[in-house]
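Participant: Below is upload_1.pdb; it holds PDB, C-alpha atoms.
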ATOM      1  CA  MET O 834      38.472-163.633 -96.965
ATOM      2  CA  ILE O 835      38.456-163.534 -93.221
ATOM      3  CA  THR O 836      36.225-160.450 -93.373
ATOM      4  CA  GLY O 837      33.861-162.331 -95.647
ATOM      5  CA  ILE O 838      33.652-165.230 -93.200
ATOM      6  CA  LYS O 839      32.989-162.835 -90.359
ATOM      7  CA  GLY O 840      30.347-161.138 -92.464
ATOM      8  CA  THR O 841      28.738-164.465 -93.257
ATOM      9  CA  ARG O 842      28.751-165.386 -89.588
ATOM     10  CA  PHE O 843      27.230-162.030 -88.713
ATOM     11  CA  ARG O 844      24.516-162.436 -91.298
ATOM     12  CA  ARG O 845      23.757-165.946 -90.052
ATOM     13  CA  ALA O 846      23.648-164.704 -86.460
ATOM     14  CA  ALA O 847      21.354-161.894 -87.504
ATOM     15  CA  ALA O 848      19.115-164.380 -89.295
ATOM     16  CA  VAL O 849      18.957-166.571 -86.177
ATOM     17  CA  THR O 850      18.170-163.524 -84.035
ATOM     18  CA  LEU O 851      15.473-162.455 -86.472
ATOM     19  CA  THR O 852      14.005-165.947 -86.547
ATOM     20  CA  THR O 853      14.031-166.145 -82.741
ATOM     21  CA  GLY O 854      12.374-162.738 -82.564
ATOM     22  CA  ALA O 855       9.723-163.879 -85.013
ATOM     23  CA  VAL O 856       9.054-166.984 -82.923
ATOM     24  CA  LEU O 857       8.780-164.900 -79.756
ATOM     25  CA  ALA O 858       6.460-162.482 -81.494
ATOM     26  CA  ALA O 859       4.360-165.359 -82.841
ATOM     27  CA  GLY O 860       4.222-166.829 -79.335
ATOM     28  CA  ALA O 861       3.063-163.522 -77.944
ATOM     29  CA  PHE O 862       0.411-163.185 -80.638
ATOM     30  CA  GLY O 863      -0.627-166.788 -80.061
ATOM     31  CA  ALA O 864      -1.172-166.057 -76.362
ATOM     32  CA  ALA O 865      -3.131-162.902 -77.084
ATOM     33  CA  PRO O 866      -6.634-164.450 -77.248
ATOM     34  CA  ALA O 867      -6.362-165.786 -73.661
ATOM     35  CA  GLY O 868      -4.822-162.555 -72.454
ATOM     36  CA  ALA O 869      -7.452-160.577 -74.320
ATOM     37  CA  VAL O 870     -10.307-161.839 -72.123
ATOM     38  CA  ALA O 871     -11.409-158.638 -70.456
ATOM     39  CA  THR O 872     -11.767-158.714 -66.671
ATOM     40  CA  PRO O 873     -15.470-158.136 -66.019
ATOM     41  CA  THR O 874     -16.923-155.287 -64.005
ATOM     42  CA  ILE O 875     -19.522-156.343 -61.437
ATOM     43  CA  THR O 876     -21.942-154.356 -59.293
ATOM     44  CA  ALA O 877     -21.285-156.548 -56.241
ATOM     45  CA  LYS O 878     -19.056-155.168 -53.503
ATOM     46  CA  GLY O 879     -17.135-158.440 -53.370
ATOM     47  CA  GLY O 880     -16.587-161.342 -55.734
ATOM     48  CA  TYR O 881     -14.528-164.483 -56.103
ATOM     49  CA  VAL O 882     -14.333-167.385 -58.558
ATOM     50  CA  MET O 883     -12.174-170.482 -58.545
ATOM     51  CA  ASN O 884     -11.658-173.640 -60.547
ATOM     52  CA  ASN O 885     -13.471-176.204 -58.415
ATOM     53  CA  GLY O 886     -11.142-178.983 -59.521
ATOM     54  CA  THR O 887      -7.824-177.274 -58.834
ATOM     55  CA  ALA O 888      -8.901-174.557 -56.355
ATOM     56  CA  ALA O 889      -7.031-172.041 -58.515
ATOM     57  CA  SER O 890      -8.303-168.467 -58.122
ATOM     58  CA  LEU O 891      -9.713-167.084 -61.365
ATOM     59  CA  TYR O 892     -11.181-163.754 -60.214
ATOM     60  CA  THR O 893     -11.028-161.639 -57.065
ATOM     61  CA  LYS O 894     -12.677-158.417 -55.945
ATOM     62  CA  ALA O 895     -12.498-157.663 -52.224
ATOM     63  CA  ALA O 896     -12.335-161.457 -51.948
ATOM     64  CA  ASP O 897     -11.224-161.403 -48.304
ATOM     65  CA  THR O 898     -13.428-158.557 -47.106
ATOM     66  CA  LYS O 899     -15.911-159.544 -44.385
ATOM     67  CA  LEU O 900     -19.478-158.990 -45.537
ATOM     68  CA  SER O 901     -22.957-160.026 -44.445
ATOM     69  CA  THR O 902     -24.000-163.228 -46.212
ATOM     70  CA  GLY O 903     -27.787-163.246 -45.917
ATOM     71  CA  SER O 904     -29.351-166.594 -46.753
ATOM     72  CA  THR O 905     -26.191-167.918 -48.407
ATOM     73  CA  THR O 906     -25.500-168.808 -44.743
ATOM     74  CA  LYS O 907     -27.853-171.754 -45.332
ATOM     75  CA  ILE O 908     -25.150-173.481 -47.393
ATOM     76  CA  MET O 909     -23.316-174.087 -44.122
ATOM     77  CA  THR O 910     -26.591-175.087 -42.432
ATOM     78  CA  ALA O 911     -27.049-177.818 -45.030
ATOM     79  CA  LYS O 912     -23.377-178.819 -44.883
ATOM     80  CA  VAL O 913     -23.534-179.328 -41.106
ATOM     81  CA  VAL O 914     -26.707-181.429 -41.385
ATOM     82  CA  LEU O 915     -25.227-183.607 -44.116
ATOM     83  CA  ALA O 916     -22.052-184.141 -42.071
ATOM     84  CA  GLN O 917     -23.947-185.651 -39.123
ATOM     85  CA  PRO O 918     -22.857-189.202 -38.278
ATOM     86  CA  ASN O 919     -25.346-191.948 -39.176
ATOM     87  CA  LEU O 920     -27.609-189.400 -40.858
ATOM     88  CA  ASN O 921     -31.013-190.714 -41.845
ATOM     89  CA  LEU O 922     -32.387-188.429 -44.547
ATOM     90  CA  ASP O 923     -35.792-190.095 -44.259
ATOM     91  CA  ALA O 924     -36.152-189.419 -40.521
ATOM     92  CA  LYS O 925     -39.270-187.355 -39.873
ATOM     93  CA  VAL O 926     -39.354-184.037 -38.056
ATOM     94  CA  THR O 927     -42.614-182.633 -36.684
ATOM     95  CA  VAL O 928     -43.097-178.965 -37.550
ATOM     96  CA  GLN O 929     -43.355-176.892 -34.359
ATOM     97  CA  LYS O 930     -45.300-173.661 -33.829
ATOM     98  CA  ALA O 931     -42.012-171.990 -32.833
ATOM     99  CA  TYR O 932     -40.796-172.310 -36.446
ATOM    100  CA  SER O 933     -43.780-170.491 -37.942
ATOM    101  CA  ASP O 934     -43.777-167.910 -35.139
ATOM    102  CA  TYR O 935     -40.122-167.194 -35.977
ATOM    103  CA  ILE O 936     -41.012-166.559 -39.624
ATOM    104  CA  VAL O 937     -43.754-164.110 -38.656
ATOM    105  CA  ALA O 938     -41.604-162.303 -36.080
ATOM    106  CA  ASN O 939     -38.742-161.809 -38.533
ATOM    107  CA  THR O 940     -40.754-161.386 -41.760
ATOM    108  CA  ALA O 941     -38.466-164.112 -43.031
ATOM    109  CA  SER O 942     -38.377-166.154 -46.225
ATOM    110  CA  SER O 943     -40.428-169.291 -45.724
ATOM    111  CA  ALA O 944     -40.962-172.856 -46.902
ATOM    112  CA  HIS O 945     -44.519-172.447 -45.513
ATOM    113  CA  LEU O 946     -44.210-175.457 -43.254
ATOM    114  CA  ILE O 947     -47.487-176.225 -41.514
ATOM    115  CA  VAL O 948     -47.498-176.887 -37.770
ATOM    116  CA  GLY O 949     -47.975-180.582 -36.998
ATOM    117  CA  ASP O 950     -46.845-181.834 -40.399
ATOM    118  CA  LYS O 951     -44.184-184.533 -40.392
ATOM    119  CA  VAL O 952     -41.442-183.652 -42.859
ATOM    120  CA  THR O 953     -38.334-185.702 -43.616
ATOM    121  CA  VAL O 954     -34.823-184.330 -43.191
ATOM    122  CA  ARG O 955     -34.347-184.613 -46.958
ATOM    123  CA  GLN O 956     -37.520-182.579 -47.551
ATOM    124  CA  LEU O 957     -36.351-179.971 -45.043
ATOM    125  CA  LEU O 958     -33.123-179.619 -47.063
ATOM    126  CA  TYR O 959     -35.221-178.846 -50.151
ATOM    127  CA  GLY O 960     -37.294-176.391 -48.100
ATOM    128  CA  LEU O 961     -34.073-174.819 -46.847
ATOM    129  CA  MET O 962     -32.274-174.435 -50.165
ATOM    130  CA  LEU O 963     -35.038-173.830 -52.754
ATOM    131  CA  PRO O 964     -37.493-171.306 -51.229
ATOM    132  CA  SER O 965     -34.800-170.420 -48.671
ATOM    133  CA  GLY O 966     -37.070-171.391 -45.808
ATOM    134  CA  CYS O 967     -35.957-169.976 -42.479
ATOM    135  CA  ASP O 968     -38.579-172.245 -40.883
ATOM    136  CA  ALA O 969     -36.827-175.244 -42.451
ATOM    137  CA  ALA O 970     -33.488-173.919 -41.167
ATOM    138  CA  TYR O 971     -34.939-173.606 -37.654
ATOM    139  CA  ALA O 972     -36.327-177.149 -37.827
ATOM    140  CA  LEU O 973     -32.946-178.541 -38.861
ATOM    141  CA  ALA O 974     -31.061-176.615 -36.175
ATOM    142  CA  ASP O 975     -33.556-177.836 -33.573
ATOM    143  CA  LYS O 976     -33.233-181.419 -34.828
ATOM    144  CA  PHE O 977     -29.428-181.608 -35.065
ATOM    145  CA  GLY O 978     -28.310-179.395 -32.203
ATOM    146  CA  SER O 979     -27.698-180.854 -28.738
ATOM    147  CA  GLY O 980     -29.434-179.808 -25.531
ATOM    148  CA  THR O 981     -32.566-180.127 -23.441
ATOM    149  CA  THR O 982     -34.143-176.882 -24.650
ATOM    150  CA  ARG O 983     -34.750-175.530 -28.128
ATOM    151  CA  ALA O 984     -32.558-172.509 -27.401
ATOM    152  CA  ALA O 985     -29.714-174.775 -26.300
ATOM    153  CA  ARG O 986     -30.059-176.949 -29.391
ATOM    154  CA  VAL O 987     -30.001-173.920 -31.703
ATOM    155  CA  LYS O 988     -26.928-172.542 -29.936
ATOM    156  CA  SER O 989     -25.252-175.947 -30.255
ATOM    157  CA  PHE O 990     -26.053-176.151 -33.967
ATOM    158  CA  ILE O 991     -24.600-172.692 -34.651
ATOM    159  CA  GLY O 992     -21.523-173.866 -32.750
ATOM    160  CA  LYS O 993     -21.256-176.764 -35.207
ATOM    161  CA  MET O 994     -21.428-174.285 -38.090
ATOM    162  CA  ASN O 995     -18.508-172.331 -36.666
ATOM    163  CA  ALA O 996     -16.571-175.531 -35.960
ATOM    164  CA  ALA O 997     -17.047-176.532 -39.600
ATOM    165  CA  ALA O 998     -15.704-173.133 -40.712
ATOM    166  CA  THR O 999     -12.668-173.630 -38.476
ATOM    167  CA  SER O1000     -12.067-177.116 -39.896
ATOM    168  CA  LEU O1001     -11.969-175.546 -43.382
ATOM    169  CA  HIS O1002      -9.344-173.060 -42.072
ATOM    170  CA  LEU O1003     -11.617-170.091 -42.744
ATOM    171  CA  THR O1004     -10.380-167.146 -40.694
ATOM    172  CA  HIS O1005     -12.803-164.486 -41.944
ATOM    173  CA  THR O1006     -16.072-166.324 -41.316
ATOM    174  CA  HIS O1007     -18.380-166.394 -38.308
ATOM    175  CA  PHE O1008     -21.992-167.450 -37.835
ATOM    176  CA  ASP O1009     -24.403-166.274 -35.177
ATOM    177  CA  SER O1010     -27.515-167.650 -36.864
ATOM    178  CA  PHE O1011     -28.706-170.802 -38.618
ATOM    179  CA  ASP O1012     -30.263-168.927 -41.535
ATOM    180  CA  GLY O1013     -28.507-165.595 -42.074
ATOM    181  CA  ILE O1014     -30.839-163.488 -39.953
ATOM    182  CA  GLY O1015     -27.901-162.572 -37.784
ATOM    183  CA  ASN O1016     -27.408-160.565 -34.642
ATOM    184  CA  GLY O1017     -24.593-158.401 -35.956
ATOM    185  CA  ASN O1018     -21.926-161.097 -36.000
ATOM    186  CA  ASN O1019     -22.808-163.220 -39.048
ATOM    187  CA  TYR O1020     -20.310-162.730 -41.838
ATOM    188  CA  SER O1021     -18.014-164.334 -44.362
ATOM    189  CA  THR O1022     -16.023-163.331 -47.438
ATOM    190  CA  PRO O1023     -16.428-164.174 -51.126
ATOM    191  CA  ARG O1024     -13.417-166.514 -50.927
ATOM    192  CA  ASP O1025     -14.497-168.236 -47.699
ATOM    193  CA  LEU O1026     -18.089-168.695 -48.818
ATOM    194  CA  THR O1027     -16.912-170.200 -52.094
ATOM    195  CA  LYS O1028     -14.798-172.693 -50.147
ATOM    196  CA  ILE O1029     -17.804-173.608 -47.975
ATOM    197  CA  ALA O1030     -19.899-174.207 -51.081
ATOM    198  CA  SER O1031     -17.134-176.214 -52.754
ATOM    199  CA  SER O1032     -16.958-178.451 -49.696
ATOM    200  CA  ALA O1033     -20.751-178.807 -49.539
ATOM    201  CA  MET O1034     -20.877-179.763 -53.232
ATOM    202  CA  LYS O1035     -18.919-182.933 -52.393
ATOM    203  CA  SER O1036     -22.215-184.265 -51.029
ATOM    204  CA  SER O1037     -24.315-185.885 -53.749
ATOM    205  CA  THR O1038     -27.467-185.005 -51.811
ATOM    206  CA  PHE O1039     -26.496-181.343 -51.612
ATOM    207  CA  LYS O1040     -25.661-181.274 -55.350
ATOM    208  CA  THR O1041     -29.018-182.839 -56.221
ATOM    209  CA  VAL O1042     -30.945-180.367 -54.071
ATOM    210  CA  VAL O1043     -29.269-177.136 -55.210
ATOM    211  CA  LYS O1044     -29.602-177.850 -58.941
ATOM    212  CA  THR O1045     -33.349-178.559 -58.597
ATOM    213  CA  VAL O1046     -35.519-175.824 -60.105
ATOM    214  CA  THR O1047     -38.872-176.952 -58.655
ATOM    215  CA  THR O1048     -39.996-179.849 -56.491
ATOM    216  CA  LYS O1049     -43.258-181.277 -55.189
ATOM    217  CA  GLN O1050     -42.942-183.062 -51.853
ATOM    218  CA  LYS O1051     -45.568-185.266 -50.178
ATOM    219  CA  VAL O1052     -45.673-184.923 -46.379
ATOM    220  CA  THR O1053     -47.737-186.472 -43.599
ATOM    221  CA  THR O1054     -50.202-184.233 -41.780
ATOM    222  CA  ALA O1055     -50.897-184.211 -38.038
ATOM    223  CA  SER O1056     -54.121-186.179 -38.619
ATOM    224  CA  GLY O1057     -52.295-188.913 -40.518
ATOM    225  CA  GLY O1058     -53.302-187.737 -43.973
ATOM    226  CA  TYR O1059     -51.011-186.107 -46.475
ATOM    227  CA  ARG O1060     -50.460-182.899 -48.376
ATOM    228  CA  TYR O1061     -47.984-181.613 -50.968
ATOM    229  CA  TYR O1062     -45.491-178.788 -50.670
ATOM    230  CA  THR O1063     -44.376-177.235 -53.939
ATOM    231  CA  TRP O1064     -41.132-175.270 -53.845
ATOM    232  CA  GLU O1065     -39.393-173.211 -56.528
ATOM    233  CA  ASN O1066     -35.699-172.371 -56.373
ATOM    234  CA  THR O1067     -34.894-168.704 -55.728
ATOM    235  CA  ASN O1068     -31.870-169.333 -57.977
ATOM    236  CA  LYS O1069     -34.132-170.184 -60.930
ATOM    237  CA  PRO O1070     -32.931-167.218 -63.084
ATOM    238  CA  LEU O1071     -29.404-168.644 -63.090
ATOM    239  CA  LEU O1072     -30.354-172.337 -63.217
ATOM    240  CA  THR O1073     -32.535-171.776 -66.267
ATOM    241  CA  GLY O1074     -30.667-168.830 -67.782
ATOM    242  CA  TYR O1075     -27.040-169.937 -67.870
ATOM    243  CA  SER O1076     -26.045-173.177 -69.549
ATOM    244  CA  GLY O1077     -24.271-175.617 -67.249
ATOM    245  CA  THR O1078     -25.385-174.052 -63.954
ATOM    246  CA  ILE O1079     -25.505-176.591 -61.104
ATOM    247  CA  GLY O1080     -26.278-174.320 -58.104
ATOM    248  CA  VAL O1081     -25.892-172.951 -55.528
ATOM    249  CA  LYS O1082     -27.760-170.408 -53.336
ATOM    250  CA  THR O1083     -29.148-166.892 -53.263
ATOM    251  CA  GLY O1084     -29.186-164.526 -50.311
ATOM    252  CA  SER O1085     -30.497-161.074 -49.517
ATOM    253  CA  GLY O1086     -31.155-158.715 -46.673
ATOM    254  CA  PRO O1087     -30.970-155.064 -45.591
ATOM    255  CA  GLU O1088     -27.261-155.367 -44.759
ATOM    256  CA  ALA O1089     -26.328-158.213 -47.133
ATOM    257  CA  LYS O1090     -27.996-156.556 -50.151
ATOM    258  CA  TYR O1091     -28.121-159.224 -52.908
ATOM    259  CA  CYS O1092     -25.815-162.236 -52.736
ATOM    260  CA  LEU O1093     -25.305-165.327 -54.868
ATOM    261  CA  VAL O1094     -23.102-168.374 -54.613
ATOM    262  CA  PHE O1095     -22.931-170.008 -58.025
ATOM    263  CA  ALA O1096     -21.421-172.974 -59.834
ATOM    264  CA  ALA O1097     -21.474-174.313 -63.370
ATOM    265  CA  THR O1098     -19.875-177.115 -65.359
ATOM    266  CA  ARG O1099     -18.914-176.861 -69.024
ATOM    267  CA  ASN O1100     -16.705-179.239 -71.017
ATOM    268  CA  GLY O1101     -15.678-181.074 -67.871
ATOM    269  CA  LYS O1102     -14.574-177.918 -66.047
ATOM    270  CA  THR O1103     -16.459-176.706 -62.978
ATOM    271  CA  VAL O1104     -16.162-173.147 -61.732
ATOM    272  CA  ILE O1105     -17.609-171.990 -58.435
ATOM    273  CA  GLY O1106     -17.827-168.537 -56.924
ATOM    274  CA  THR O1107     -19.605-165.906 -54.900
ATOM    275  CA  VAL O1108     -20.840-162.347 -55.266
ATOM    276  CA  LEU O1109     -21.747-160.441 -52.096
ATOM    277  CA  ALA O1110     -23.580-157.138 -51.734
ATOM    278  CA  SER O1111     -24.744-156.781 -55.325
ATOM    279  CA  THR O1112     -27.290-154.064 -56.072
ATOM    280  CA  SER O1113     -30.363-156.021 -57.210
ATOM    281  CA  ILE O1114     -31.663-159.528 -57.966
ATOM    282  CA  THR O1115     -31.058-158.971 -61.674
ATOM    283  CA  ASN O1116     -27.574-157.597 -61.132
ATOM    284  CA  ARG O1117     -26.441-160.428 -58.864
ATOM    285  CA  THR O1118     -27.494-162.909 -61.567
ATOM    286  CA  ASN O1119     -25.720-160.899 -64.248
ATOM    287  CA  ASP O1120     -22.630-160.577 -62.026
ATOM    288  CA  ALA O1121     -22.543-164.360 -61.651
ATOM    289  CA  LYS O1122     -22.954-164.924 -65.398
ATOM    290  CA  LYS O1123     -20.137-162.506 -66.183
ATOM    291  CA  LEU O1124     -17.801-164.155 -63.706
ATOM    292  CA  MET O1125     -18.545-167.684 -64.871
ATOM    293  CA  SER O1126     -18.073-166.772 -68.526
ATOM    294  CA  TYR O1127     -14.804-165.073 -67.642
ATOM    295  CA  ALA O1128     -13.661-168.096 -65.625
ATOM    296  CA  PHE O1129     -14.491-170.534 -68.426
ATOM    297  CA  ALA O1130     -12.616-168.364 -70.930
ATOM    298  CA  ARG O1131      -9.444-168.397 -68.842
TER     299      ARG O1131
END
Now that the file is in, can you turn its structure into structure tokens?
Facilitator:
Amino acid sequence: MITGIKGTRFRRAAAVTLTTGAVLAAGAFGAAPAGAVATPTITAKGGYVMNNGTAASLYTKAADTKLSTGSTTKIMTAKVVLAQPNLNLDAKVTVQKAYSDYIVANTASSAHLIVGDKVTVRQLLYGLMLPSGCDAAYALADKFGSGTTRAARVKSFIGKMNAAATSLHLTHTHFDSFDGIGNGNNYSTPRDLTKIASSAMKSSTFKTVVKTVTTKQKVTTASGGYRYYTWENTNKPLLTGYSGTIGVKTGSGPEAKYCLVFAATRNGKTVIGTVLASTSITNRTNDAKKLMSYAFAR
């Protein structure tokens, strides 16, 4: 009788164990779809993605490795401008010959600003971020730096860029240019650059600019007339080719290769990230798409 009771207890215990095992197994199988999302392979040397709402890391590849940033540097240029106290976005800046000379000397990407034209700060931000105008970057640095000479003002503005990086607690970032055409000491990391972009995206003006595919801007000429500048976003392949994309900025150069800072929103979730030193324009776009799809699936 006692043996029978023991046996019954054993069988009940075994049944409980079996049931628990089944539940655990079911739980494991239930979790499988999320765990089954394959980590993507990208051509970029470095990559990083985070949830923009929680700042949780979703993907890393050499995320803290210092790399040249090319024109993605201009994200910080715009951020510094937009952080200026009492900023008047409609203030006009007269285009100087020095800006166009700089473009020619460096064979740099251009907003094709015409000497003598009066362009608003807001329009310069479009010229900076859409066609990646180094002339627009120069104009903004000249306008918002401090000093009695243009060289001093540019140096001051770059100082503000580095101060902004410090305020974001970025220890692997340094700027020696206002546009990414550096002098050997202009670098960041995928993680740091993503944090810069995330901070910049808190500005409604910045968000509006970087998600714009094309724009037509009316400016005043030196003679008092007007003309139109038409700019197309260098990030158009992503903005038009990946649902939910809201920015941010391309970059390229001999050292930087092909870079892209990207962001997209789907179902109320925003992911933001960076790929640095990808192997081509097409591949940097594909890298970004892969990483965003992976991040949304997680």
Participant: For the provided coordinates, the residues matched by the PyMOL selection byres ((chain O and resi 1046) around 8) should be stated as a short mmCIF file (atom, residue, chain, number, x, y, z; two decimals) with C-alpha atoms, in the coordinates of the input.
Facilitator:
data_model
loop_
_atom_site.label_atom_id
_atom_site.label_comp_id
_atom_site.auth_asym_id
_atom_site.auth_seq_id
_atom_site.Cartn_x
_atom_site.Cartn_y
_atom_site.Cartn_z
CA LEU O 963 -35.04 -173.83 -52.75
CA LYS O 1044 -29.60 -177.85 -58.94
CA THR O 1045 -33.35 -178.56 -58.60
CA THR O 1047 -38.87 -176.95 -58.66
CA THR O 1048 -40.00 -179.85 -56.49
CA GLU O 1065 -39.39 -173.21 -56.53
CA ASN O 1066 -35.70 -172.37 -56.37
CA ASN O 1068 -31.87 -169.33 -57.98
CA LYS O 1069 -34.13 -170.18 -60.93
CA LEU O 1072 -30.35 -172.34 -63.22
CA THR O 1073 -32.53 -171.78 -66.27
#
Participant: Between O:Arg1131, O:Lys878, O:Arg1060, O:Lys912, single out the one closest to Ala896 of chain O, counting only C-alpha atoms.
Facilitator: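 Nearest to Ala896 of chain O: O:Lys878.
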Participant: Using only C-alpha atoms, find the one residue out of O:Thr910, O:Thr905, O:Thr893, O:Asn884 that sits nearest to Gly1080 of chain O.
Facilitator: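 Once distances to Gly1080 of chain O are computed over only C-alpha atoms, the minimum belongs to O:Thr905.
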Participant: The residues within 12 Å of (-27.2, -182.0, -56.2), using all atoms listed in the file and the coordinates of the file, should be reported as a list in words; which are they?
Facilitator: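 Protein and nucleic acid residues near the point are Ala911, Arg955, Leu958, Tyr959, Met962, Leu963, Ala1030, Ala1033, Met1034, Lys1035, Ser1036, Ser1037, Thr1038, Phe1039, Lys1040, Thr1041, Val1042, Val1043, Lys1044, Thr1045, Val1046, Thr1078, Ile1079, Gly1080, Val1081, Lys1082, Ala1096 and Ala1097 of chain O.
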Participant: Hey, can I get the axis-aligned box for segment 1043-1055 of chain O? All listed atoms, 3 Å padding on each side, centre and edge lengths in Å to one decimal, as lines of an AutoDock Vina configuration file.
Facilitator:
center_x = -40.1
center_y = -181.1
center_z = -49.1
size_x = 27.6
size_y = 16.6
size_z = 28.1
Participant: Using all atoms listed in the file, which of the listed residues (O:Ala998, O:Leu1093, O:Lys1123, O:Pro1023) sits closest to Gly880 of chain O?
Facilitator: O:Pro1023
Participant: Quick one: segment 927-940 of chain O with N, CA and C atoms, as a PDB file, in the coordinates of the input?
Facilitator:
ATOM      1  N   THR O 927     -41.294-183.254 -36.823  1.00  0.00           N
ATOM      2  CA  THR O 927     -42.614-182.633 -36.684  1.00  0.00           C
ATOM      3  C   THR O 927     -42.455-181.114 -36.624  1.00  0.00           C
ATOM      4  N   VAL O 928     -43.188-180.430 -37.477  1.00  0.00           N
ATOM      5  CA  VAL O 928     -43.097-178.965 -37.550  1.00  0.00           C
ATOM      6  C   VAL O 928     -43.715-178.353 -36.287  1.00  0.00           C
ATOM      7  N   GLN O 929     -42.928-177.526 -35.608  1.00  0.00           N
ATOM      8  CA  GLN O 929     -43.355-176.892 -34.359  1.00  0.00           C
ATOM      9  C   GLN O 929     -43.879-175.474 -34.614  1.00  0.00           C
ATOM     10  N   LYS O 930     -44.753-175.021 -33.725  1.00  0.00           N
ATOM     11  CA  LYS O 930     -45.300-173.661 -33.829  1.00  0.00           C
ATOM     12  C   LYS O 930     -44.188-172.617 -33.742  1.00  0.00           C
ATOM     13  N   ALA O 931     -43.129-172.924 -32.992  1.00  0.00           N
ATOM     14  CA  ALA O 931     -42.012-171.990 -32.833  1.00  0.00           C
ATOM     15  C   ALA O 931     -41.394-171.617 -34.181  1.00  0.00           C
ATOM     16  N   TYR O 932     -41.406-172.571 -35.135  1.00  0.00           N
ATOM     17  CA  TYR O 932     -40.796-172.310 -36.446  1.00  0.00           C
ATOM     18  C   TYR O 932     -41.617-171.292 -37.237  1.00  0.00           C
ATOM     19  N   SER O 933     -42.927-171.444 -37.212  1.00  0.00           N
ATOM     20  CA  SER O 933     -43.780-170.491 -37.942  1.00  0.00           C
ATOM     21  C   SER O 933     -43.830-169.141 -37.229  1.00  0.00           C
ATOM     22  N   ASP O 934     -43.809-169.167 -35.892  1.00  0.00           N
ATOM     23  CA  ASP O 934     -43.777-167.910 -35.139  1.00  0.00           C
ATOM     24  C   ASP O 934     -42.514-167.111 -35.472  1.00  0.00           C
ATOM     25  N   TYR O 935     -41.407-167.819 -35.642  1.00  0.00           N
ATOM     26  CA  TYR O 935     -40.122-167.194 -35.977  1.00  0.00           C
ATOM     27  C   TYR O 935     -40.205-166.495 -37.339  1.00  0.00           C
ATOM     28  N   ILE O 936     -40.838-167.142 -38.285  1.00  0.00           N
ATOM     29  CA  ILE O 936     -41.012-166.559 -39.624  1.00  0.00           C
ATOM     30  C   ILE O 936     -41.795-165.259 -39.543  1.00  0.00           C
ATOM     31  N   VAL O 937     -42.899-165.290 -38.797  1.00  0.00           N
ATOM     32  CA  VAL O 937     -43.754-164.110 -38.656  1.00  0.00           C
ATOM     33  C   VAL O 937     -43.004-162.979 -37.957  1.00  0.00           C
ATOM     34  N   ALA O 938     -42.308-163.308 -36.875  1.00  0.00           N
ATOM     35  CA  ALA O 938     -41.604-162.303 -36.080  1.00  0.00           C
ATOM     36  C   ALA O 938     -40.497-161.609 -36.862  1.00  0.00           C
ATOM     37  N   ASN O 939     -39.881-162.352 -37.785  1.00  0.00           N
ATOM     38  CA  ASN O 939     -38.742-161.809 -38.533  1.00  0.00           C
ATOM     39  C   ASN O 939     -39.061-161.445 -39.984  1.00  0.00           C
ATOM     40  N   THR O 940     -40.349-161.590 -40.361  1.00  0.00           N
ATOM     41  CA  THR O 940     -40.754-161.386 -41.760  1.00  0.00           C
ATOM     42  C   THR O 940     -39.762-162.097 -42.688  1.00  0.00           C
TER      43      THR O 940
END
